[in-house]
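So this one's input_11.txt, compact mmCIF, C-alpha atoms (C1' of nucleotides):
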# COMPACT_ATOMS: atom_id res chain seq x y z
CA MET A 1 -18.46 32.38 12.79
CA GLY A 2 -15.52 32.67 15.17
CA THR A 3 -12.23 32.23 13.35
CA LYS A 4 -10.82 29.74 15.87
CA GLY A 5 -13.83 27.42 15.80
CA ASP A 6 -14.17 27.51 12.04
CA GLY A 7 -10.53 26.52 11.73
CA ASN A 8 -11.12 23.40 13.78
CA ARG A 9 -14.34 22.67 11.95
CA GLN A 10 -12.57 22.83 8.64
CA ARG A 11 -9.74 20.63 9.85
CA ILE A 12 -12.29 18.00 10.91
CA VAL A 13 -14.03 18.13 7.54
CA GLU A 14 -10.78 17.90 5.59
CA ALA A 15 -9.51 14.97 7.64
CA ALA A 16 -12.89 13.21 7.42
CA ASP A 17 -12.95 13.80 3.67
CA GLY A 18 -9.67 11.99 3.16
CA LEU A 19 -10.54 9.17 5.56
CA PHE A 20 -13.98 8.63 4.04
CA TYR A 21 -12.29 8.40 0.66
CA ARG A 22 -9.48 6.06 1.63
CA HIS A 23 -11.30 3.86 4.18
CA GLY A 24 -14.98 4.44 3.55
CA TYR A 25 -17.61 6.27 5.59
CA ASN A 26 -18.65 3.34 7.76
CA GLN A 27 -15.08 2.26 8.39
CA THR A 28 -14.00 5.70 9.59
CA SER A 29 -14.43 6.23 13.33
CA PHE A 30 -14.36 9.43 15.36
CA GLN A 31 -11.14 8.09 16.84
CA ASP A 32 -9.60 7.96 13.34
CA ILE A 33 -10.53 11.59 12.71
CA SER A 34 -9.26 12.52 16.15
CA ASP A 35 -5.93 10.81 15.47
CA ALA A 36 -5.63 12.59 12.11
CA THR A 37 -6.38 16.06 13.48
CA GLY A 38 -5.23 15.93 17.08
CA ILE A 39 -8.67 17.18 18.06
CA PRO A 40 -10.26 15.08 20.85
CA ARG A 41 -13.36 13.03 20.00
CA GLY A 42 -15.61 14.87 22.39
CA ASN A 43 -14.88 18.16 20.70
CA PHE A 44 -16.48 17.01 17.46
CA TYR A 45 -19.91 17.31 18.98
CA TYR A 46 -19.44 21.00 19.42
CA TYR A 47 -19.42 21.31 15.61
CA PHE A 48 -21.54 18.33 14.54
CA LYS A 49 -24.43 16.69 16.36
CA THR A 50 -23.97 13.33 14.63
CA LYS A 51 -21.62 11.49 12.29
CA ASP A 52 -24.23 12.04 9.54
CA GLU A 53 -23.65 15.77 9.85
CA ILE A 54 -19.93 15.29 9.29
CA LEU A 55 -20.75 13.41 6.10
CA GLU A 56 -23.06 16.22 5.05
CA ALA A 57 -20.27 18.74 5.58
CA VAL A 58 -17.84 16.54 3.67
CA VAL A 59 -20.20 16.23 0.69
CA ASN A 60 -20.82 19.99 0.73
CA SER A 61 -17.08 20.52 0.76
CA ARG A 62 -16.59 18.13 -2.15
CA VAL A 63 -19.36 19.79 -4.16
CA GLU A 64 -17.73 23.14 -3.53
CA GLY A 65 -14.30 21.87 -4.58
CA LEU A 66 -15.80 20.27 -7.65
CA SER A 67 -17.56 23.50 -8.55
CA GLU A 68 -14.28 25.37 -8.41
CA MET A 69 -12.58 22.73 -10.54
CA LEU A 70 -15.34 22.97 -13.15
CA SER A 71 -15.10 26.75 -13.07
CA ARG A 72 -11.40 26.48 -13.82
CA CYS A 73 -12.23 24.23 -16.79
CA GLU A 74 -14.63 26.89 -18.02
CA ALA A 75 -12.08 29.64 -17.54
CA GLU A 76 -9.28 27.80 -19.33
CA ALA A 77 -11.24 26.81 -22.43
CA ASN A 78 -13.72 28.53 -24.67
CA ASP A 79 -15.94 25.78 -26.01
CA GLY A 80 -17.69 22.74 -24.57
CA ARG A 81 -15.43 20.25 -26.29
CA GLU A 82 -12.23 21.67 -24.87
CA ARG A 83 -13.78 22.03 -21.43
CA LEU A 84 -14.81 18.38 -21.42
CA LEU A 85 -11.32 17.38 -22.48
CA LEU A 86 -9.84 19.38 -19.61
CA PHE A 87 -12.32 17.81 -17.23
CA SER A 88 -11.36 14.32 -18.39
CA ASN A 89 -7.73 14.99 -17.47
CA MET A 90 -8.83 14.63 -13.87
CA LEU A 91 -8.70 10.87 -14.45
CA GLU A 92 -4.99 10.88 -15.10
CA TYR A 93 -4.21 13.71 -12.72
CA ASN A 94 -5.64 11.63 -9.85
CA ARG A 95 -4.66 8.24 -11.17
CA ASP A 96 -2.69 7.11 -8.11
CA ASN A 97 -5.62 7.87 -5.82
CA VAL A 98 -8.05 6.31 -8.29
CA ILE A 99 -6.09 3.07 -8.37
CA GLU A 100 -5.86 3.03 -4.59
CA SER A 101 -9.41 4.01 -3.65
CA GLY A 102 -11.53 4.49 -6.78
CA CYS A 103 -13.58 7.60 -7.47
CA PRO A 104 -14.42 9.56 -4.30
CA ILE A 105 -17.90 10.32 -5.59
CA GLY A 106 -18.70 6.93 -7.06
CA THR A 107 -17.42 4.83 -4.18
CA LEU A 108 -19.16 6.97 -1.56
CA CYS A 109 -22.42 6.79 -3.48
CA SER A 110 -22.11 3.01 -3.91
CA GLU A 111 -21.33 2.54 -0.24
CA LEU A 112 -24.23 4.65 0.97
CA ALA A 113 -26.72 3.11 -1.49
CA LYS A 114 -26.48 0.05 0.77
CA ASP A 115 -27.05 2.08 3.90
CA ASP A 116 -29.32 4.87 4.90
CA ALA A 117 -31.44 6.36 2.11
CA ALA A 118 -30.97 9.93 3.34
CA LEU A 119 -27.20 9.61 3.33
CA HIS A 120 -27.31 8.12 -0.16
CA THR A 121 -29.39 11.03 -1.46
CA LYS A 122 -26.93 13.47 0.07
CA SER A 123 -23.95 11.67 -1.45
CA ARG A 124 -25.56 11.83 -4.90
CA GLN A 125 -25.32 15.63 -4.98
CA ALA A 126 -21.81 15.60 -6.40
CA PHE A 127 -23.01 13.37 -9.25
CA VAL A 128 -25.94 15.70 -9.94
CA LEU A 129 -23.60 18.66 -10.18
CA LEU A 130 -21.26 16.83 -12.57
CA ARG A 131 -24.09 15.52 -14.73
CA ASP A 132 -25.57 18.98 -15.13
CA TRP A 133 -22.24 20.63 -15.92
CA ILE A 134 -21.28 18.01 -18.52
CA LYS A 135 -24.75 18.28 -20.04
CA ARG A 136 -24.31 22.03 -20.47
CA GLN A 137 -20.97 21.52 -22.21
CA PHE A 138 -22.51 19.11 -24.71
CA GLN A 139 -25.40 21.52 -25.24
CA SER A 140 -23.00 24.37 -25.93
CA ALA A 141 -21.41 22.08 -28.51
CA GLY A 142 -24.77 21.99 -30.24
CA LEU A 143 -25.80 18.45 -29.31
CA GLY A 144 -29.45 17.61 -28.70
CA ASN A 145 -29.06 14.48 -26.57
CA ALA A 146 -26.82 16.26 -24.09
CA ASP A 147 -28.18 14.60 -20.95
CA ASP A 148 -27.73 11.10 -22.38
CA LEU A 149 -24.21 12.01 -23.41
CA ALA A 150 -23.53 13.34 -19.93
CA MET A 151 -24.62 10.04 -18.41
CA ASP A 152 -22.49 8.17 -20.95
CA LEU A 153 -19.39 10.18 -20.08
CA LEU A 154 -19.98 9.75 -16.35
CA ALA A 155 -20.49 6.02 -16.88
CA LYS A 156 -17.24 5.74 -18.82
CA ILE A 157 -15.33 7.43 -16.04
CA GLN A 158 -17.00 5.37 -13.32
CA GLY A 159 -16.34 2.14 -15.19
CA VAL A 160 -12.68 3.01 -15.53
CA THR A 161 -12.29 3.94 -11.86
CA VAL A 162 -13.95 0.74 -10.64
CA LEU A 163 -11.73 -1.49 -12.76
CA ALA A 164 -8.59 0.57 -12.17
CA SER A 165 -9.01 0.14 -8.43
CA ALA A 166 -10.01 -3.54 -8.78
CA PHE A 167 -7.01 -4.48 -10.94
CA LYS A 168 -4.58 -1.78 -9.74
CA ASP A 169 -3.60 -1.09 -13.33
CA ILE A 170 -1.95 2.24 -14.25
CA ASP A 171 -1.62 1.53 -17.97
CA TYR A 172 -5.31 0.73 -18.18
CA VAL A 173 -6.13 4.19 -16.82
CA LYS A 174 -3.86 5.87 -19.36
CA ARG A 175 -5.30 3.90 -22.27
CA SER A 176 -8.87 4.53 -21.14
CA HIS A 177 -8.24 8.23 -20.73
CA LEU A 178 -7.11 8.39 -24.34
CA GLU A 179 -10.20 6.51 -25.47
CA ILE A 180 -12.43 8.88 -23.51
CA LYS A 181 -10.78 11.90 -25.11
CA ASN A 182 -11.26 10.34 -28.53
CA TRP A 183 -14.90 9.70 -27.72
CA ILE A 184 -15.42 13.33 -26.64
CA ASN A 185 -13.87 14.50 -29.90
CA GLU A 186 -15.99 12.10 -31.96
CA LYS A 187 -19.16 13.34 -30.34
CA THR A 188 -18.40 17.06 -30.45
CA LEU A 189 -16.56 17.38 -33.79
CA ASN A 190 -18.86 17.15 -36.78
CA MET X 1 -18.73 -33.55 4.97
CA GLY X 2 -21.72 -34.39 7.16
CA THR X 3 -25.02 -33.64 5.40
CA LYS X 4 -26.54 -31.79 8.35
CA GLY X 5 -23.62 -29.46 8.90
CA ASP X 6 -23.14 -28.71 5.25
CA GLY X 7 -26.77 -27.68 5.03
CA ASN X 8 -26.28 -25.12 7.77
CA ARG X 9 -23.02 -23.99 6.28
CA GLN X 10 -24.67 -23.38 2.95
CA ARG X 11 -27.54 -21.49 4.57
CA ILE X 12 -25.03 -19.21 6.28
CA VAL X 13 -23.19 -18.55 3.01
CA GLU X 14 -26.39 -17.86 1.08
CA ALA X 15 -27.72 -15.47 3.71
CA ALA X 16 -24.35 -13.72 4.01
CA ASP X 17 -24.17 -13.43 0.22
CA GLY X 18 -27.45 -11.53 0.07
CA LEU X 19 -26.65 -9.37 3.08
CA PHE X 20 -23.15 -8.50 1.83
CA TYR X 21 -24.75 -7.47 -1.46
CA ARG X 22 -27.60 -5.41 -0.04
CA HIS X 23 -25.86 -3.88 3.00
CA GLY X 24 -22.15 -4.32 2.35
CA TYR X 25 -19.60 -6.58 4.01
CA ASN X 26 -18.64 -4.23 6.83
CA GLN X 27 -22.24 -3.32 7.58
CA THR X 28 -23.33 -6.93 7.91
CA SER X 29 -22.99 -8.33 11.44
CA PHE X 30 -23.10 -11.90 12.68
CA GLN X 31 -26.37 -10.92 14.32
CA ASP X 32 -27.80 -9.99 10.89
CA ILE X 33 -26.84 -13.37 9.46
CA SER X 34 -28.20 -15.06 12.55
CA ASP X 35 -31.52 -13.24 12.19
CA ALA X 36 -31.73 -14.19 8.51
CA THR X 37 -31.01 -17.88 9.05
CA GLY X 38 -32.27 -18.58 12.56
CA ILE X 39 -28.84 -20.04 13.33
CA PRO X 40 -27.35 -18.63 16.55
CA ARG X 41 -24.23 -16.44 16.29
CA GLY X 42 -22.05 -18.81 18.28
CA ASN X 43 -22.73 -21.63 15.87
CA PHE X 44 -21.04 -19.79 13.01
CA TYR X 45 -17.64 -20.45 14.53
CA TYR X 46 -18.13 -24.15 14.07
CA TYR X 47 -18.03 -23.54 10.29
CA PHE X 48 -15.88 -20.41 10.00
CA LYS X 49 -13.06 -19.27 12.24
CA THR X 50 -13.47 -15.59 11.33
CA LYS X 51 -15.75 -13.25 9.42
CA ASP X 52 -13.08 -13.14 6.70
CA GLU X 53 -13.65 -16.84 6.10
CA ILE X 54 -17.36 -16.22 5.56
CA LEU X 55 -16.44 -13.65 2.93
CA GLU X 56 -14.10 -16.14 1.30
CA ALA X 57 -16.89 -18.71 1.13
CA VAL X 58 -19.27 -16.10 -0.28
CA VAL X 59 -16.83 -15.10 -3.03
CA ASN X 60 -16.20 -18.78 -3.86
CA SER X 61 -19.94 -19.29 -4.07
CA ARG X 62 -20.34 -16.26 -6.35
CA VAL X 63 -17.51 -17.41 -8.61
CA GLU X 64 -19.14 -20.81 -8.85
CA GLY X 65 -22.54 -19.31 -9.68
CA LEU X 66 -20.95 -17.02 -12.23
CA SER X 67 -19.15 -19.96 -13.82
CA GLU X 68 -22.42 -21.80 -14.23
CA MET X 69 -24.05 -18.73 -15.73
CA LEU X 70 -21.20 -18.34 -18.24
CA SER X 71 -21.44 -22.04 -19.06
CA ARG X 72 -25.11 -21.59 -19.86
CA CYS X 73 -24.21 -18.69 -22.17
CA GLU X 74 -21.75 -20.99 -23.93
CA ALA X 75 -24.30 -23.77 -24.21
CA GLU X 76 -27.04 -21.54 -25.59
CA ALA X 77 -24.99 -19.84 -28.30
CA ASN X 78 -22.43 -20.99 -30.81
CA ASP X 79 -20.17 -18.00 -31.38
CA GLY X 80 -18.50 -15.41 -29.18
CA ARG X 81 -20.69 -12.57 -30.36
CA GLU X 82 -23.94 -14.28 -29.41
CA ARG X 83 -22.50 -15.44 -26.10
CA LEU X 84 -21.47 -11.92 -25.20
CA LEU X 85 -24.94 -10.67 -26.10
CA LEU X 86 -26.51 -13.31 -23.85
CA PHE X 87 -24.11 -12.35 -21.08
CA SER X 88 -25.04 -8.67 -21.40
CA ASN X 89 -28.70 -9.54 -20.79
CA MET X 90 -27.73 -10.04 -17.17
CA LEU X 91 -27.84 -6.25 -16.84
CA GLU X 92 -31.53 -6.09 -17.60
CA TYR X 93 -32.38 -9.42 -15.98
CA ASN X 94 -31.06 -8.08 -12.65
CA ARG X 95 -31.99 -4.48 -13.15
CA ASP X 96 -34.07 -4.10 -9.99
CA ASN X 97 -31.21 -5.38 -7.84
CA VAL X 98 -28.71 -3.29 -9.79
CA ILE X 99 -30.70 -0.13 -9.15
CA GLU X 100 -31.05 -0.99 -5.47
CA SER X 101 -27.53 -2.18 -4.70
CA GLY X 102 -25.30 -1.90 -7.79
CA CYS X 103 -23.21 -4.77 -9.12
CA PRO X 104 -22.48 -7.43 -6.48
CA ILE X 105 -18.94 -7.88 -7.80
CA GLY X 106 -18.11 -4.24 -8.39
CA THR X 107 -19.49 -2.87 -5.15
CA LEU X 108 -17.83 -5.57 -3.05
CA CYS X 109 -14.51 -4.95 -4.77
CA SER X 110 -14.83 -1.19 -4.30
CA GLU X 111 -15.72 -1.59 -0.64
CA LEU X 112 -12.85 -3.93 0.12
CA ALA X 113 -10.30 -1.87 -1.83
CA LYS X 114 -10.62 0.57 1.08
CA ASP X 115 -10.13 -2.16 3.67
CA ASP X 116 -7.88 -5.11 4.05
CA ALA X 117 -5.67 -5.92 1.05
CA ALA X 118 -6.18 -9.67 1.38
CA LEU X 119 -9.95 -9.32 1.33
CA HIS X 120 -9.74 -7.06 -1.70
CA THR X 121 -7.60 -9.59 -3.57
CA LYS X 122 -10.09 -12.31 -2.76
CA SER X 123 -13.05 -10.19 -3.90
CA ARG X 124 -11.31 -9.53 -7.24
CA GLN X 125 -11.53 -13.20 -8.22
CA ALA X 126 -14.98 -12.82 -9.72
CA PHE X 127 -13.70 -9.97 -11.92
CA VAL X 128 -10.74 -12.08 -13.03
CA LEU X 129 -13.06 -14.89 -14.05
CA LEU X 130 -15.33 -12.54 -16.01
CA ARG X 131 -12.44 -10.76 -17.71
CA ASP X 132 -10.95 -14.03 -18.88
CA TRP X 133 -14.24 -15.43 -20.15
CA ILE X 134 -15.10 -12.26 -22.07
CA LYS X 135 -11.59 -12.17 -23.50
CA ARG X 136 -11.99 -15.72 -24.83
CA GLN X 137 -15.27 -14.79 -26.49
CA PHE X 138 -13.66 -11.85 -28.31
CA GLN X 139 -10.76 -14.08 -29.29
CA SER X 140 -13.12 -16.67 -30.73
CA ALA X 141 -14.65 -13.83 -32.75
CA GLY X 142 -11.22 -13.36 -34.29
CA LEU X 143 -10.24 -10.13 -32.53
CA GLY X 144 -6.62 -9.49 -31.60
CA ASN X 145 -7.09 -6.94 -28.79
CA ALA X 146 -9.40 -9.26 -26.89
CA ASP X 147 -8.16 -8.38 -23.40
CA ASP X 148 -8.56 -4.65 -23.98
CA LEU X 149 -12.05 -5.27 -25.30
CA ALA X 150 -12.84 -7.40 -22.25
CA MET X 151 -11.80 -4.55 -19.97
CA ASP X 152 -13.86 -2.13 -22.05
CA LEU X 153 -16.98 -4.28 -21.79
CA LEU X 154 -16.51 -4.76 -18.05
CA ALA X 155 -16.00 -1.01 -17.65
CA LYS X 156 -19.18 -0.27 -19.57
CA ILE X 157 -21.18 -2.57 -17.34
CA GLN X 158 -19.61 -1.21 -14.16
CA GLY X 159 -20.22 2.36 -15.23
CA VAL X 160 -23.88 1.62 -15.88
CA THR X 161 -24.37 -0.15 -12.55
CA VAL X 162 -22.76 2.66 -10.55
CA LEU X 163 -24.93 5.33 -12.16
CA ALA X 164 -28.09 3.20 -12.18
CA SER X 165 -27.79 2.74 -8.43
CA ALA X 166 -26.78 6.38 -7.86
CA PHE X 167 -29.72 7.83 -9.83
CA LYS X 168 -32.17 4.92 -9.39
CA ASP X 169 -33.04 5.12 -13.09
CA ILE X 170 -34.63 2.10 -14.82
CA ASP X 171 -34.84 3.69 -18.27
CA TYR X 172 -31.16 4.49 -18.16
CA VAL X 173 -30.36 0.80 -17.63
CA LYS X 174 -32.54 -0.21 -20.58
CA ARG X 175 -31.01 2.38 -22.88
CA SER X 176 -27.48 1.50 -21.81
CA HIS X 177 -28.10 -2.19 -22.30
CA LEU X 178 -29.12 -1.49 -25.91
CA GLU X 179 -26.00 0.60 -26.45
CA ILE X 180 -23.82 -2.17 -25.04
CA LYS X 181 -25.42 -4.73 -27.37
CA ASN X 182 -24.83 -2.39 -30.31
CA TRP X 183 -21.22 -1.98 -29.23
CA ILE X 184 -20.71 -5.76 -29.04
CA ASN X 185 -22.15 -6.11 -32.54
CA GLU X 186 -19.98 -3.29 -33.89
CA LYS X 187 -16.86 -4.91 -32.51
CA THR X 188 -17.60 -8.48 -33.55
CA LEU X 189 -19.31 -7.98 -36.91
CA ASN X 190 -16.94 -7.03 -39.67
C1' DG D 1 -14.61 26.78 23.15
C1' DT D 2 -11.90 22.80 24.71
C1' DC D 3 -11.12 18.56 26.76
C1' DT D 4 -11.69 14.29 30.03
C1' DA D 5 -14.38 10.89 31.65
C1' DT D 6 -17.89 8.09 30.83
C1' DA D 7 -22.52 6.14 29.32
C1' DT D 8 -24.59 2.84 26.27
C1' DG D 9 -24.81 -0.22 22.60
C1' DT D 10 -22.99 -3.62 19.60
C1' DA D 11 -19.20 -5.67 17.11
C1' DG D 12 -16.36 -10.11 16.51
C1' DA D 13 -14.90 -13.88 19.00
C1' DT D 14 -14.62 -17.59 22.88
C1' DA D 15 -15.85 -21.13 26.57
C1' DG D 16 -18.15 -24.61 27.78
C1' DA D 17 -22.77 -26.99 28.78
C1' DC D 18 -25.64 -30.10 26.32
C1' DG R 1 -23.10 -30.48 16.16
C1' DT R 2 -25.79 -27.03 18.57
C1' DC R 3 -26.66 -23.31 21.52
C1' DT R 4 -26.22 -19.92 25.66
C1' DA R 5 -23.60 -16.97 28.16
C1' DT R 6 -19.96 -14.12 28.14
C1' DC R 7 -15.38 -11.73 27.07
C1' DT R 8 -13.01 -7.81 25.14
C1' DA R 9 -12.74 -4.06 22.11
C1' DC R 10 -14.50 -0.20 20.14
C1' DA R 11 -18.40 2.39 18.12
C1' DT R 12 -21.33 6.84 18.67
C1' DA R 13 -22.73 9.91 21.80
C1' DT R 14 -23.23 12.66 26.38
C1' DA R 15 -22.13 15.22 30.81
C1' DG R 16 -19.82 18.30 32.85
C1' DA R 17 -15.21 20.34 34.55
C1' DC R 18 -12.18 23.89 32.99

Can the structure from this file be put into structure tokens for me?
Amino acid sequence: MGTKGDGNRQRIVEAADGLFYRHGYNQTSFQDISDATGIPRGNFYYYFKTKDEILEAVVNSRVEGLSEMLSRCEAEANDGRERLLLFSNMLEYNRDNVIESGCPIGTLCSELAKDDAALHTKSRQAFVLLRDWIKRQFQSAGLGNADDLAMDLLAKIQGVTVLASAFKDIDYVKRSHLEIKNWINEKTLN
Amino acid sequence: MGTKGDGNRQRIVEAADGLFYRHGYNQTSFQDISDATGIPRGNFYYYFKTKDEILEAVVNSRVEGLSEMLSRCEAEANDGRERLLLFSNMLEYNRDNVIESGCPIGTLCSELAKDDAALHTKSRQAFVLLRDWIKRQFQSAGLGNADDLAMDLLAKIQGVTVLASAFKDIDYVKRSHLEIKNWINEKTLN
DNA sequence: GTCTATATGTAGATAGAC
DNA sequence: GTCTATCTACATATAGAC
């Protein structure tokens, strides 16, 4: 809990987060994180026993950041429909990153599904959080099939991010974002 | 063009194809391909100068297989709507693999978007082929926004494969396949 | 707590015998 | 065409000085 050590720990996690997103987990080496932070390789093992533990910390950090983002959506809107619309803006807000590297959650999960099962399960946590939050918004809008709708919305977003990054197409993201907002309105407005 | 060598070359490509799909390109080593084929590592360099060239051959092989599959869809149905429905069956036909490893095209493209640009461009070829074929089917159904619809259908499938593999959910794939078939009918039946 | 030096394994790639 | 032995680079991880 020392302030100095926690500062370094956080710097490692933040640098690893960005590198895992832009280059992938397996393609990010300790040397890459060292270069990005200025912290020597050997020092990492004071904070993390293995590379897996860095990933765990990164996913925890992403879940925390996501939680705060969802909380802001709840604070800035009063009903489920408006909150979902705010949430969907994330697509366009991050569109440059999405085109470059896809969705940080989706691509990490897809990468780790081909690897270690424990890492994949860990990486899924961000999806679980999102699915549950979206489900609650649809429920608060009075819809009975809220979990199916949550999966449908997540799938729409994932589909868009995969193709946006594959074809590097900005206009496609904008058009798809509009369609997603229309879909949210269709489902939640009676 | 010798028959012996081509046989070994094809065995390498087929084994690499499966390994790239199940474990990812970067996580597949020459040793893995050697173990799967019984062909010694050093022999690979008689057929391919680099690992990149193996990937190129794998993508070419996938594009060829995909072409044949699309040709079968064209042969077995007479109009665009029915052909698209046949094509969508692929989701359920391959559902065990999809749940385990996602979409072979989508996951490869997502992985390589974070890597070398040339490899990513190569991996996109299968998507380009699919997009164009789907577009032609919508056009033959008399629809003007065929390319947008092609992107929408691809996005639907990609979204389903990402979540199916993330949550390992068979029922979700079945339900989503039905929804996709309904969507194709909605768009193509006036 | 921090950093250097290093251990150990494995990656892609090469040389050259057969 | 096929295979063994090996090169070089770099990966994660450890030991131990400061």

Would you tabulate, counting all atoms listed in the file, all residues of chain R that have an atom at most 9 Å from an atom of chain X, showing the closest pair of atoms and their distance in Å to one decimal, sorted by chain then ascending number, as JSON lines?
{"residue": "R:DG1", "atom": "C1'", "partner": "X:Gly5", "partner_atom": "CA", "distance": 7.3}
{"residue": "R:DT2", "atom": "C1'", "partner": "X:Asn43", "partner_atom": "CA", "distance": 6.8}
{"residue": "R:DC3", "atom": "C1'", "partner": "X:Pro40", "partner_atom": "CA", "distance": 6.9}
{"residue": "R:DT4", "atom": "C1'", "partner": "X:Gly42", "partner_atom": "CA", "distance": 8.5}

Atoms kept (C-alpha atoms (C1' of nucleotides)) for selection, written as a PDB file, in the coordinates of the input:
ATOM      1  C1'  DG R   1     -23.100 -30.480  16.160  1.00  0.00           C
ATOM      2  C1'  DT R   2     -25.790 -27.030  18.570  1.00  0.00           C
ATOM      3  C1'  DC R   3     -26.660 -23.310  21.520  1.00  0.00           C
ATOM      4  C1'  DT R   4     -26.220 -19.920  25.660  1.00  0.00           C
TER       5       DT R   4
END

Set out as JSON lines a contact list for chain D and chain X with a cut-off of 12 Å, giving each residue of chain D that qualifies its closest atom pair and distance in Å to one decimal, counting all atoms listed in the file, ordered by chain and rising residue number.
{"residue": "D:DT10", "atom": "C1'", "partner": "X:Ser29", "partner_atom": "CA", "distance": 9.4}
{"residue": "D:DA11", "atom": "C1'", "partner": "X:Ser29", "partner_atom": "CA", "distance": 7.3}
{"residue": "D:DG12", "atom": "C1'", "partner": "X:Lys51", "partner_atom": "CA", "distance": 7.8}
{"residue": "D:DA13", "atom": "C1'", "partner": "X:Thr50", "partner_atom": "CA", "distance": 8.0}
{"residue": "D:DT14", "atom": "C1'", "partner": "X:Gly42", "partner_atom": "CA", "distance": 8.8}
{"residue": "D:DA15", "atom": "C1'", "partner": "X:Gly42", "partner_atom": "CA", "distance": 10.6}
{"residue": "D:DG16", "atom": "C1'", "partner": "X:Gly42", "partner_atom": "CA", "distance": 11.8}

Since we have the selection now, will you write its residues out, keeping C-alpha atoms (C1' of nucleotides), as an mmCIF file, in the frame of the given file?
data_model
loop_
_atom_site.group_PDB
_atom_site.id
_atom_site.type_symbol
_atom_site.label_atom_id
_atom_site.label_comp_id
_atom_site.auth_asym_id
_atom_site.auth_seq_id
_atom_site.Cartn_x
_atom_site.Cartn_y
_atom_site.Cartn_z
ATOM 1 C "C1'" DT D 10 -22.990 -3.620 19.600
ATOM 2 C "C1'" DA D 11 -19.200 -5.670 17.110
ATOM 3 C "C1'" DG D 12 -16.360 -10.110 16.510
ATOM 4 C "C1'" DA D 13 -14.900 -13.880 19.000
ATOM 5 C "C1'" DT D 14 -14.620 -17.590 22.880
ATOM 6 C "C1'" DA D 15 -15.850 -21.130 26.570
ATOM 7 C "C1'" DG D 16 -18.150 -24.610 27.780
#

Exercise for the section: Have a look at CA of Ser101 (chain A) and CA of Ala113 (chain X) and let me know their distance in Å, one decimal. Expected result: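 CA of Ala113 (chain X) lies at a distance of 6.2 Å from CA of Ser101 (chain A).
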
Handout entry: Best match for closeness to chain X among A:Asn97, A:Thr28, A:Asn190, A:Thr107, counting only C-alpha atoms
Key =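 The answer is A:Thr107, which sits nearest to chain X.
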
Handout entry: Interface residues on chain A facing chain X, 6 Å, only C-alpha atoms, written as a PyMOL selection string
Key = chain A and resi 22-23+101+114+155-156+158-160

What box, with edges along x, y and z, holds each listed atom of region 5-16 of chain R when 5 Å is added on every side, and can you state its centre and edge lengths in Å to one decimal, as AutoDock Vina command-line options?
--center_x -18.2 --center_y 0.7 --center_z 25.5 --size_x 20.9 --size_y 45.3 --size_z 24.7

Would you mind writing region 8-19 of chain A with N, CA and C atoms, as an mmCIF file, in the coordinates of the input?
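See out09.cif below for the written result:
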data_model
loop_
_atom_site.group_PDB
_atom_site.id
_atom_site.type_symbol
_atom_site.label_atom_id
_atom_site.label_comp_id
_atom_site.auth_asym_id
_atom_site.auth_seq_id
_atom_site.Cartn_x
_atom_site.Cartn_y
_atom_site.Cartn_z
ATOM 1 N N ASN A 8 -11.002 24.793 13.342
ATOM 2 C CA ASN A 8 -11.120 23.400 13.780
ATOM 3 C C ASN A 8 -12.164 22.648 12.982
ATOM 4 N N ARG A 9 -13.271 23.298 12.722
ATOM 5 C CA ARG A 9 -14.340 22.670 11.950
ATOM 6 C C ARG A 9 -13.816 22.245 10.587
ATOM 7 N N GLN A 10 -13.086 23.139 9.968
ATOM 8 C CA GLN A 10 -12.570 22.830 8.640
ATOM 9 C C GLN A 10 -11.537 21.699 8.686
ATOM 10 N N ARG A 11 -10.724 21.711 9.734
ATOM 11 C CA ARG A 11 -9.740 20.630 9.850
ATOM 12 C C ARG A 11 -10.434 19.279 9.995
ATOM 13 N N ILE A 12 -11.527 19.252 10.761
ATOM 14 C CA ILE A 12 -12.290 18.000 10.910
ATOM 15 C C ILE A 12 -12.838 17.549 9.566
ATOM 16 N N VAL A 13 -13.424 18.486 8.827
ATOM 17 C CA VAL A 13 -14.030 18.130 7.540
ATOM 18 C C VAL A 13 -12.977 17.636 6.567
ATOM 19 N N GLU A 14 -11.836 18.314 6.522
ATOM 20 C CA GLU A 14 -10.780 17.900 5.590
ATOM 21 C C GLU A 14 -10.227 16.520 5.932
ATOM 22 N N ALA A 15 -10.023 16.284 7.239
ATOM 23 C CA ALA A 15 -9.510 14.970 7.640
ATOM 24 C C ALA A 15 -10.551 13.892 7.351
ATOM 25 N N ALA A 16 -11.820 14.184 7.665
ATOM 26 C CA ALA A 16 -12.890 13.210 7.420
ATOM 27 C C ALA A 16 -13.007 12.924 5.930
ATOM 28 N N ASP A 17 -12.881 13.955 5.120
ATOM 29 C CA ASP A 17 -12.950 13.800 3.670
ATOM 30 C C ASP A 17 -11.946 12.757 3.191
ATOM 31 N N GLY A 18 -10.701 12.930 3.582
ATOM 32 C CA GLY A 18 -9.670 11.990 3.160
ATOM 33 C C GLY A 18 -9.893 10.588 3.705
ATOM 34 N N LEU A 19 -10.331 10.497 4.959
ATOM 35 C CA LEU A 19 -10.540 9.170 5.560
ATOM 36 C C LEU A 19 -11.747 8.469 4.949
#
